[in-house]
Amino acid sequence: MSRLSHGTFLVFAVCLLQTSGALGVDDGFAAARQEMIEEIQATVTETRRETDRAQLAPKVMAAMATVPRHEFVPAKLRDVAYANRPLPVGHGQTISQPYIVALMTDLLEVDSDAVVFEIGTGSGYQAAVLAELARQVYTMEIVEPLALSAKERLARLGYGNVEARFADGYYGWPEKGPFDAIIVTAAVNHIPPPLVEQLAPGGRLVLPVGEHFAVQHLLLVHKLDEERITIRQILPVRFVPLTGGHN
Ligand code: SAH
């Protein structure tokens with residue numbers, strides 16, 4: 001009898017651990033993540049006239065509160081991983097500011113059935129945020145070591161619905177399209193026609209357009225049907241340039 005109750009206690013203890021795991025055990029960064037969420041909200045409020053959004057979708061904020069951003073930055077920058085600013089990730093590239101990641105994700109209006117394509121995997125952070133919301137995420141990166149490390153990182157963190165590839169994303173990924181949403185996380189001086197083509201009717205494309213070192217604008221392209229698109233300018237931004245063969 002005493003053996004039995006001992007066993008029962010053990011099972012109970014294991015259940016407790018699992019329950020707290022599902023709710024998100026503090027990985028040492030929970031407070032920093034919460035602070036980041038508050039800063040994102042503050043910036044959303046400051047920019048509400050430009051973006052026409054006083055708030056982002058709660059599910060987008062929930063995704064931002066879930067993804068462990070500290071896993072996507074170099075080890076020596078972990079302490080500042082959740083600061084509301086971009087950080088270097090090596091090879092002259094950066095992981096975008098949390099507010100920008102959240103805003104771009106919100107503009108894409110991704111639902112749980114969506115297939116999304118990202119150009120510019122970088123650390124894989126934006127892909128992970130999208131993977132929290134979409135059915136499937138495809139992401140492409142032109143710098144091979146970044147593509148490889150992001151692929152390994154996303155797999156290790158359990159993002160089984162992300163497929164990452166080393167290639168020039170300007171031309172899209174036609175075999176995997178059409179896409180419900182496409183996001184470009186590097187600045188380009190025009191809207192790439194292959195990406196508009198690979199967008200499903202009703203789909204959305206969000207990208208920074210402008211020259212390197214000049215003002216770039218975040219654009220939201222909405223493909224109404226095969227013939228018509230609308231383009232909305234959202235706000236000035238600063239991104240690293242899209243490189244590759246199209247230049
Ligand atoms: N989304 C990333 C940050 C992107 S930084 C994150 O969440 O961390 C922009 C990335 O775009 C860089 O890694 C850069 O190498 C990549 N890039 C630039 N031109 C590209 C191209 N033509 N195709 C694919 N990736 C490209």
# chains A, B, ... in the order shown; residues from 1 in each chain; ligands from 1
$ residues_around --residues "A:Gly122" --least-positions-apart "5" --cutoff "8 Å" --atoms "only C-alpha atoms" --output "list in words"
Val89, Gln93, Thr94, Ile95, Glu141, Leu146, Ala147 and Ala150 of chain A
$ closest_atom_pairs --of "chain A" --to "ligand 1" --cutoff "6 Å" --atoms "only C-alpha atoms and all ligand atoms" --output "Markdown table"
| residue | atom | partner | partner_atom_place_in_ligand_line | distance |
| --- | --- | --- | --- | --- |
| A:Gln93 | CA | ligand 1 | 12 (C) | 5.1 |
| A:Thr94 | CA | ligand 1 | 5 (S) | 4.9 |
| A:Ile95 | CA | ligand 1 | 8 (O) | 3.7 |
| A:Ser96 | CA | ligand 1 | 3 (C) | 5.4 |
| A:Ile119 | CA | ligand 1 | 24 (C) | 5.0 |
| A:Gly120 | CA | ligand 1 | 11 (O) | 3.2 |
| A:Thr121 | CA | ligand 1 | 1 (N) | 4.7 |
| A:Gly122 | CA | ligand 1 | 13 (O) | 3.4 |
| A:Ser123 | CA | ligand 1 | 8 (O) | 3.8 |
| A:Gly124 | CA | ligand 1 | 7 (O) | 4.9 |
| A:Tyr125 | CA | ligand 1 | 7 (O) | 3.9 |
| A:Gln126 | CA | ligand 1 | 7 (O) | 3.8 |
| A:Met140 | CA | ligand 1 | 24 (C) | 5.1 |
| A:Glu141 | CA | ligand 1 | 25 (N) | 3.7 |
| A:Ile142 | CA | ligand 1 | 24 (C) | 4.2 |
| A:Val143 | CA | ligand 1 | 15 (O) | 5.0 |
| A:Asp168 | CA | ligand 1 | 23 (N) | 3.8 |
| A:Gly169 | CA | ligand 1 | 23 (N) | 3.6 |
| A:Tyr170 | CA | ligand 1 | 22 (N) | 5.1 |
| A:Thr185 | CA | ligand 1 | 4 (C) | 4.9 |
| A:Ala186 | CA | ligand 1 | 9 (C) | 4.6 |
| A:Val240 | CA | ligand 1 | 9 (C) | 5.9 |
| A:Leu242 | CA | ligand 1 | 19 (N) | 3.5 |
| A:Thr243 | CA | ligand 1 | 19 (N) | 3.9 |
| A:Gly244 | CA | ligand 1 | 22 (N) | 4.6 |
$ closest_atom_pairs --of "stretch 141-179 of chain A" --to "stretch 62-67 of chain A" --cutoff "12 Å" --atoms "only C-alpha atoms" --output "Markdown table"
| residue | atom | partner | partner_atom | distance |
| --- | --- | --- | --- | --- |
| A:Leu154 | CA | A:Val67 | CA | 10.8 |
| A:Leu157 | CA | A:Val67 | CA | 9.5 |
| A:Gly158 | CA | A:Val67 | CA | 11.1 |
| A:Tyr159 | CA | A:Val67 | CA | 10.4 |
$ residues_around --residues "A:Asn189" --least-positions-apart "5" --cutoff "6 Å" --atoms "only C-alpha atoms" --output "number ranges by chain"
A: 209-211
$ closest_atom_pairs --of "stretch 64-123 of chain A" --to "stretch 39-57 of chain A" --cutoff "9 Å" --atoms "only C-alpha atoms" --output "Markdown table"
| residue | atom | partner | partner_atom | distance |
| --- | --- | --- | --- | --- |
| A:Ala83 | CA | A:Glu39 | CA | 8.5 |
| A:Asn84 | CA | A:Glu39 | CA | 6.7 |
| A:Pro98 | CA | A:Ile40 | CA | 6.9 |
| A:Tyr99 | CA | A:Ile40 | CA | 4.9 |
| A:Ile100 | CA | A:Ile40 | CA | 8.7 |
| A:Ala102 | CA | A:Leu56 | CA | 7.7 |
| A:Leu103 | CA | A:Leu56 | CA | 7.2 |
| A:Asp106 | CA | A:Leu56 | CA | 6.1 |
| A:Leu107 | CA | A:Leu56 | CA | 8.8 |
| A:Glu109 | CA | A:Ala57 | CA | 8.6 |
$ write_last_selection --atoms "N, CA and C atoms" --output "mmCIF file, in the first residue's frame"
data_model
loop_
_atom_site.group_PDB
_atom_site.id
_atom_site.type_symbol
_atom_site.label_atom_id
_atom_site.label_comp_id
_atom_site.auth_asym_id
_atom_site.auth_seq_id
_atom_site.Cartn_x
_atom_site.Cartn_y
_atom_site.Cartn_z
ATOM 1 N N ALA A 83 15.203 43.361 -26.279
ATOM 2 C CA ALA A 83 15.130 44.825 -26.423
ATOM 3 C C ALA A 83 14.433 45.132 -27.751
ATOM 4 N N ASN A 84 13.689 46.245 -27.781
ATOM 5 C CA ASN A 84 12.927 46.554 -28.994
ATOM 6 C C ASN A 84 13.813 47.223 -30.038
ATOM 7 N N PRO A 98 11.662 43.763 -32.773
ATOM 8 C CA PRO A 98 10.411 43.051 -32.459
ATOM 9 C C PRO A 98 9.144 43.762 -32.950
ATOM 10 N N TYR A 99 9.086 45.079 -32.788
ATOM 11 C CA TYR A 99 7.899 45.820 -33.251
ATOM 12 C C TYR A 99 7.661 45.622 -34.750
ATOM 13 N N ILE A 100 8.749 45.670 -35.533
ATOM 14 C CA ILE A 100 8.625 45.520 -36.988
ATOM 15 C C ILE A 100 8.187 44.091 -37.343
ATOM 16 N N ALA A 102 6.401 42.129 -35.482
ATOM 17 C CA ALA A 102 4.989 42.026 -35.092
ATOM 18 C C ALA A 102 4.095 42.747 -36.103
ATOM 19 N N LEU A 103 4.499 43.962 -36.509
ATOM 20 C CA LEU A 103 3.683 44.743 -37.442
ATOM 21 C C LEU A 103 3.574 44.029 -38.797
ATOM 22 N N ASP A 106 1.325 41.109 -38.552
ATOM 23 C CA ASP A 106 -0.069 41.542 -38.450
ATOM 24 C C ASP A 106 -0.621 41.925 -39.827
ATOM 25 N N LEU A 107 0.192 42.644 -40.612
ATOM 26 C CA LEU A 107 -0.255 43.101 -41.933
ATOM 27 C C LEU A 107 -0.550 41.936 -42.877
ATOM 28 N N GLU A 109 -2.044 39.190 -42.094
ATOM 29 C CA GLU A 109 -3.346 38.587 -41.743
ATOM 30 C C GLU A 109 -3.377 37.087 -42.007
#
$ atom_distance --atom1 "atom CA of A:Val196" --atom2 "atom CA of A:His212"
22.0 Å
$ atom_distance --atom1 "atom CA of A:Val162" --atom2 "atom CA of A:Thr139"
7.3 Å
